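Undergrad: To start, I am sharing the structure in question, which I have written as structure tokens.
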Amino acid sequence: LKHFEQVRADELDMEFSSPLLGFDGYAQQIVNGGKPIAIDSFQGVKVRKNASSENPADWEENNKSFAYIALPLITQGEIKGVLEVLYPSGAPVDSEWKAFFETISGQAAIAIHHAELIRGLEEQVLIRTKEIELQRNRLQQEKEKFQIYLDVVDVIIVVIDTQGTIRLINKKGCELLGYTEQELIGRNWFEHFIPENIREKIRGVFAMLMEGKMEMAGYAENLIVTGNGEERMIAWNNVLLKNPDGSPSATLSSGNDITERNQMEHEKKKLEKQ
């Protein structure tokens, strides 16, 4: 009976109910005392006919012959519950069996503790997931609002990342290039929309910008190629976007189509020479 307190059934406070026994039982005694108990026999102890009744008239004498072992489920100094074992009175329950029950109770306590930790983590993940979803929704709303602002301006707006990929473009840019926004996002700007004869030159300048080897030109003019193969002259105002560490992340450019203006100026100069 090592580690077990050997008691008689009538020695214990019967104020609390045991869910296993169904009558005023002993689980709370284990919680209060923090140590296992062993009861050889419950025969003759009055039990409730109705486990939920508080009326002593509903009690009757137990004529069943069984014994009882109860062990607290303890981990990290905290009682997580009670392991209750009923078995026939007189059945051999030696020290090896009690050691087995102690082992089982220890494992059960650890399992409960781990389950509580997992439940706590699940709750934290759920809370964080909801927070991320709210942030994502807010960002989407801000993006949609920003896109509306971009689409109402009568200039081309385009963001190109360090790899030369289009990351953002407005309605005016889509109309000029002859593609939808979905078709343009992810395309390489230099491969698809810069004339072949100046492509490598402009790509080289862009690479030097992304490597921090030269300053961004605030204003520049260059030809682009639209989806139908037409070349258009665009006047660009450029801003270099940077990461938190100061390294370049993309370019933000606004462009005006000055093709017709340049043609008119050219025709004017021709007339003036005549």
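The way I read the labels, and the way they are meant: chains A, B, ... in the order of the structure tokens, residue 1 as the first residue of every chain, and ligand 1 as the first ligand shown, with later ones counted on from there.
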Name the residues in contact with A:Trp189 at a cut-off of 9 Å, using only C-alpha atoms, excluding same-chain residues fewer than 4 positions from it; report them as a PyMOL selection string.

TA: chain A and resi 160+164-166+184+193-194

Undergrad: With only C-alpha atoms as the counted atoms, please give the residues lying no more than 12 Å from stretch 225-231 of chain A, apart from itself and same-chain residues fewer than 6 positions off, as a CSV table (one decimal) with all heavy atoms, in the first residue's frame.

TA:
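Contents of the output file part.csv:
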chain,number,residue,atom,x,y,z
A,173,GLY,N,-2.9,52.8,-68.1
A,173,GLY,CA,-1.9,52.0,-68.6
A,173,GLY,C,-2.4,50.8,-69.4
A,173,GLY,O,-1.8,50.4,-70.4
A,174,CYS,N,-3.4,50.2,-68.8
A,174,CYS,CA,-4.0,49.0,-69.5
A,174,CYS,C,-4.5,49.4,-70.9
A,174,CYS,O,-4.4,48.7,-71.9
A,174,CYS,CB,-5.1,48.4,-68.6
A,174,CYS,SG,-4.5,47.7,-67.1
A,175,GLU,N,-5.2,50.5,-70.9
A,175,GLU,CA,-5.8,51.0,-72.2
A,175,GLU,C,-4.8,51.3,-73.2
A,175,GLU,O,-4.9,50.9,-74.4
A,175,GLU,CB,-6.7,52.2,-71.9
A,175,GLU,CG,-7.9,51.9,-71.1
A,175,GLU,CD,-8.7,53.2,-70.8
A,175,GLU,OE1,-8.1,54.3,-71.0
A,175,GLU,OE2,-9.8,53.1,-70.2
A,176,LEU,N,-3.7,51.9,-72.8
A,176,LEU,CA,-2.6,52.2,-73.8
A,176,LEU,C,-1.9,51.0,-74.3
A,176,LEU,O,-1.7,50.9,-75.5
A,176,LEU,CB,-1.6,53.2,-73.1
A,176,LEU,CG,-0.4,53.6,-74.0
A,176,LEU,CD1,-0.9,54.5,-75.1
A,176,LEU,CD2,0.7,54.3,-73.2
A,177,LEU,N,-1.6,50.0,-73.4
A,177,LEU,CA,-0.9,48.8,-73.8
A,177,LEU,C,-1.8,47.8,-74.5
A,177,LEU,O,-1.3,46.9,-75.2
A,177,LEU,CB,-0.2,48.2,-72.6
A,177,LEU,CG,0.9,49.0,-71.9
A,177,LEU,CD1,1.3,48.3,-70.7
A,177,LEU,CD2,2.0,49.3,-72.9
A,178,GLY,N,-3.1,47.9,-74.3
A,178,GLY,CA,-4.1,47.0,-75.0
A,178,GLY,C,-4.3,45.7,-74.3
A,178,GLY,O,-4.6,44.7,-74.9
A,179,TYR,N,-4.1,45.7,-73.0
A,179,TYR,CA,-4.3,44.4,-72.2
A,179,TYR,C,-5.1,44.8,-70.9
A,179,TYR,O,-5.2,45.9,-70.5
A,179,TYR,CB,-2.9,43.9,-71.7
A,179,TYR,CG,-2.1,43.4,-72.9
A,179,TYR,CD1,-1.1,44.2,-73.4
A,179,TYR,CD2,-2.2,42.1,-73.4
A,179,TYR,CE1,-0.2,43.7,-74.4
A,179,TYR,CE2,-1.4,41.6,-74.4
A,179,TYR,CZ,-0.4,42.5,-74.9
A,179,TYR,OH,0.4,42.0,-75.9
A,180,THR,N,-5.7,43.7,-70.3
A,180,THR,CA,-6.3,43.9,-69.1
A,180,THR,C,-5.3,43.9,-67.9
A,180,THR,O,-4.2,43.5,-68.1
A,180,THR,CB,-7.3,42.7,-68.8
A,180,THR,OG1,-6.6,41.5,-68.7
A,180,THR,CG2,-8.3,42.6,-69.9
A,183,GLU,N,-3.9,40.5,-67.3
A,183,GLU,CA,-2.9,40.0,-68.3
A,183,GLU,C,-1.5,40.7,-68.1
A,183,GLU,O,-0.5,40.1,-68.4
A,183,GLU,CB,-3.4,40.4,-69.7
A,183,GLU,CG,-4.6,39.5,-70.1
A,183,GLU,CD,-5.2,40.0,-71.4
A,183,GLU,OE1,-5.3,41.2,-71.7
A,183,GLU,OE2,-5.7,39.1,-72.2
A,184,LEU,N,-1.5,41.9,-67.5
A,184,LEU,CA,-0.3,42.7,-67.4
A,184,LEU,C,0.5,42.3,-66.1
A,184,LEU,O,1.7,42.3,-66.1
A,184,LEU,CB,-0.6,44.2,-67.5
A,184,LEU,CG,-1.0,44.7,-68.8
A,184,LEU,CD1,-1.5,46.1,-68.7
A,184,LEU,CD2,0.1,44.6,-69.8
A,189,TRP,N,8.3,43.9,-67.9
A,189,TRP,CA,8.1,45.2,-68.6
A,189,TRP,C,9.1,45.3,-69.8
A,189,TRP,O,8.6,45.7,-70.9
A,189,TRP,CB,8.3,46.3,-67.6
A,189,TRP,CG,8.3,47.7,-68.2
A,189,TRP,CD1,9.3,48.5,-68.6
A,189,TRP,CD2,7.1,48.4,-68.6
A,189,TRP,NE1,8.9,49.7,-69.1
A,189,TRP,CE2,7.5,49.7,-69.2
A,189,TRP,CE3,5.7,48.2,-68.6
A,189,TRP,CZ2,6.7,50.7,-69.6
A,189,TRP,CZ3,4.9,49.2,-69.0
A,189,TRP,CH2,5.3,50.4,-69.5
A,190,PHE,N,10.3,45.0,-69.6
A,190,PHE,CA,11.3,45.2,-70.7
A,190,PHE,C,11.1,44.2,-71.8
A,190,PHE,O,11.3,44.6,-73.0
A,190,PHE,CB,12.7,45.1,-70.1
A,190,PHE,CG,12.9,46.0,-68.9
A,190,PHE,CD1,12.9,45.6,-67.6
A,190,PHE,CD2,13.2,47.4,-69.2
A,190,PHE,CE1,13.0,46.5,-66.6
A,190,PHE,CE2,13.3,48.3,-68.1
A,190,PHE,CZ,13.3,47.8,-66.8
A,191,GLU,N,10.8,43.0,-71.5
A,191,GLU,CA,10.6,41.9,-72.6
A,191,GLU,C,9.4,42.2,-73.5
A,191,GLU,O,9.5,41.9,-74.7
A,191,GLU,CB,10.5,40.6,-71.9
A,191,GLU,CG,11.7,40.0,-71.3
A,191,GLU,CD,12.8,39.7,-72.3
A,191,GLU,OE1,12.5,39.4,-73.5
A,191,GLU,OE2,14.0,39.8,-72.0
A,192,HIS,N,8.4,42.8,-72.9
A,192,HIS,CA,7.1,42.9,-73.7
A,192,HIS,C,6.8,44.3,-74.1
A,192,HIS,O,6.1,44.5,-75.1
A,192,HIS,CB,6.0,42.4,-72.8
A,192,HIS,CG,6.0,41.0,-72.5
A,192,HIS,ND1,6.6,40.4,-71.4
A,192,HIS,CD2,5.5,39.9,-73.2
A,192,HIS,CE1,6.5,39.1,-71.4
A,192,HIS,NE2,5.9,38.8,-72.5
A,193,PHE,N,7.4,45.4,-73.5
A,193,PHE,CA,6.9,46.7,-73.8
A,193,PHE,C,8.0,47.7,-74.1
A,193,PHE,O,7.7,48.9,-74.2
A,193,PHE,CB,6.0,47.2,-72.6
A,193,PHE,CG,4.9,46.3,-72.3
A,193,PHE,CD1,4.8,45.5,-71.2
A,193,PHE,CD2,3.9,46.0,-73.3
A,193,PHE,CE1,3.8,44.6,-70.9
A,193,PHE,CE2,2.8,45.1,-73.0
A,193,PHE,CZ,2.8,44.4,-71.8
A,194,ILE,N,9.2,47.3,-74.2
A,194,ILE,CA,10.3,48.2,-74.7
A,194,ILE,C,10.8,47.7,-76.0
A,194,ILE,O,11.0,46.5,-76.2
A,194,ILE,CB,11.5,48.1,-73.6
A,194,ILE,CG1,11.0,48.6,-72.3
A,194,ILE,CG2,12.6,49.0,-74.1
A,194,ILE,CD1,10.5,50.1,-72.2
A,195,PRO,N,10.9,48.7,-77.0
A,195,PRO,CA,11.4,48.3,-78.3
A,195,PRO,C,12.7,47.5,-78.3
A,195,PRO,O,13.6,47.8,-77.4
A,195,PRO,CB,11.5,49.6,-79.1
A,195,PRO,CG,10.6,50.5,-78.4
A,195,PRO,CD,10.6,50.1,-76.9
A,196,GLU,N,12.9,46.6,-79.1
A,196,GLU,CA,14.1,45.7,-79.1
A,196,GLU,C,15.4,46.5,-79.3
A,196,GLU,O,16.4,46.1,-78.6
A,196,GLU,CB,13.9,44.6,-80.2
A,196,GLU,CG,15.0,43.6,-80.1
A,196,GLU,CD,14.8,42.5,-81.1
A,196,GLU,OE1,13.8,42.5,-81.9
A,196,GLU,OE2,15.7,41.6,-81.2
A,197,ASN,N,15.4,47.5,-80.1
A,197,ASN,CA,16.6,48.2,-80.4
A,197,ASN,C,17.1,49.1,-79.2
A,197,ASN,O,18.3,49.4,-79.2
A,197,ASN,CB,16.5,49.1,-81.6
A,197,ASN,CG,15.4,50.2,-81.4
A,197,ASN,OD1,14.4,50.0,-80.8
A,197,ASN,ND2,15.7,51.4,-81.9
A,198,ILE,N,16.3,49.3,-78.2
A,198,ILE,CA,16.7,50.1,-77.0
A,198,ILE,C,16.5,49.3,-75.7
A,198,ILE,O,16.8,49.7,-74.6
A,198,ILE,CB,16.0,51.4,-76.9
A,198,ILE,CG1,14.5,51.2,-76.7
A,198,ILE,CG2,16.3,52.3,-78.0
A,198,ILE,CD1,13.7,52.4,-76.4
A,199,ARG,N,16.1,48.0,-75.9
A,199,ARG,CA,15.8,47.2,-74.7
A,199,ARG,C,16.9,47.0,-73.7
A,199,ARG,O,16.8,47.2,-72.5
A,199,ARG,CB,15.2,45.9,-75.2
A,199,ARG,CG,14.7,45.0,-74.0
A,199,ARG,CD,14.1,43.7,-74.6
A,199,ARG,NE,13.0,44.0,-75.5
A,199,ARG,CZ,12.6,43.2,-76.5
A,199,ARG,NH1,13.2,42.1,-76.7
A,199,ARG,NH2,11.5,43.6,-77.2
A,257,ASP,N,1.5,60.1,-72.5
A,257,ASP,CA,1.7,59.8,-73.9
A,257,ASP,C,1.9,61.1,-74.7
A,257,ASP,O,1.0,61.9,-74.8
A,257,ASP,CB,0.5,59.0,-74.5
A,257,ASP,CG,0.8,58.5,-75.9
A,257,ASP,OD1,1.8,58.9,-76.5
A,257,ASP,OD2,0.0,57.7,-76.4
A,258,ILE,N,3.2,61.3,-75.1
A,258,ILE,CA,3.5,62.6,-75.8
A,258,ILE,C,3.7,62.4,-77.3
A,258,ILE,O,4.3,63.2,-78.0
A,258,ILE,CB,4.7,63.3,-75.1
A,258,ILE,CG1,5.9,62.4,-75.2
A,258,ILE,CG2,4.4,63.7,-73.7
A,258,ILE,CD1,7.2,63.1,-74.7
A,259,THR,N,3.3,61.2,-77.8
A,259,THR,CA,3.5,60.9,-79.2
A,259,THR,C,2.9,61.9,-80.1
A,259,THR,O,3.7,62.4,-81.0
A,259,THR,CB,2.9,59.5,-79.5
A,259,THR,OG1,3.4,58.5,-78.6
A,259,THR,CG2,3.3,59.1,-80.9
A,260,GLU,N,1.7,62.3,-80.0
A,260,GLU,CA,1.0,63.3,-80.9
A,260,GLU,C,1.7,64.6,-80.7
A,260,GLU,O,1.9,65.4,-81.7
A,260,GLU,CB,-0.5,63.3,-80.6
A,260,GLU,CG,-1.3,62.2,-81.2
A,260,GLU,CD,-1.1,60.9,-80.5
A,260,GLU,OE1,-0.7,60.9,-79.3
A,260,GLU,OE2,-1.4,59.9,-81.1

Undergrad: For the alpha helix (DSSP H) assignment from backbone DSSP, which residues of stretch 122-210 of chain A qualify? Please present them as a PyMOL selection string.

TA: chain A and resi 122-152+171-177+181-184+189-193+196-210

Undergrad: Based on DSSP run over this structure's backbone, return all residues of stretch 53-229 of chain A in strand (DSSP E or B), as a ChimeraX atom specification.

TA: /A:59-61,66-75,78-88,156-161,165-169,188,219-225

Undergrad: Using only C-alpha atoms, can you tell me which of A:Leu252, A:Val85, A:Leu71, A:Ala220 comes closest to A:Gly33?

TA: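 Of all the options, A:Leu71 lies closest to A:Gly33.
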
Undergrad: Give me, as a tab-separated table, each residue of stretch 197-221 of chain A that comes within 10 Å of stretch 232-251 of chain A, together with its shortest interatomic pair and the distance in Å at one decimal, counting only C-alpha atoms, with rows ordered by chain and rising residue number.

TA:
residue	atom	partner	partner_atom	distance
A:Phe206	CA	A:Thr251	CA	9.1
A:Leu209	CA	A:Pro248	CA	7.7
A:Met210	CA	A:Pro248	CA	5.4
A:Glu211	CA	A:Pro248	CA	7.4
A:Gly212	CA	A:Pro248	CA	7.0
A:Glu215	CA	A:Leu240	CA	8.9
A:Met216	CA	A:Leu240	CA	6.5
A:Ala217	CA	A:Asn238	CA	6.8
A:Gly218	CA	A:Asn238	CA	5.0
A:Tyr219	CA	A:Asn237	CA	4.7
A:Ala220	CA	A:Trp236	CA	5.2
A:Glu221	CA	A:Ala235	CA	4.4

Undergrad: Could you turn the residues from that selection into a file that holds C-alpha atoms, as a compact mmCIF listing (two decimals), in the first residue's frame?

TA:
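Result file is selection-v7.txt:
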# COMPACT_ATOMS: atom_id res chain seq x y z
CA PHE A 206 17.26 49.82 -64.56
CA LEU A 209 19.24 51.57 -60.26
CA MET A 210 18.18 48.38 -58.47
CA GLU A 211 21.79 47.72 -57.43
CA GLY A 212 22.10 51.22 -56.01
CA GLU A 215 20.51 57.77 -58.96
CA MET A 216 16.97 57.63 -60.29
CA ALA A 217 16.26 60.18 -63.01
CA GLY A 218 13.16 62.09 -61.92
CA TYR A 219 12.16 62.71 -65.55
CA ALA A 220 12.82 60.66 -68.68
CA GLU A 221 11.34 60.02 -72.11
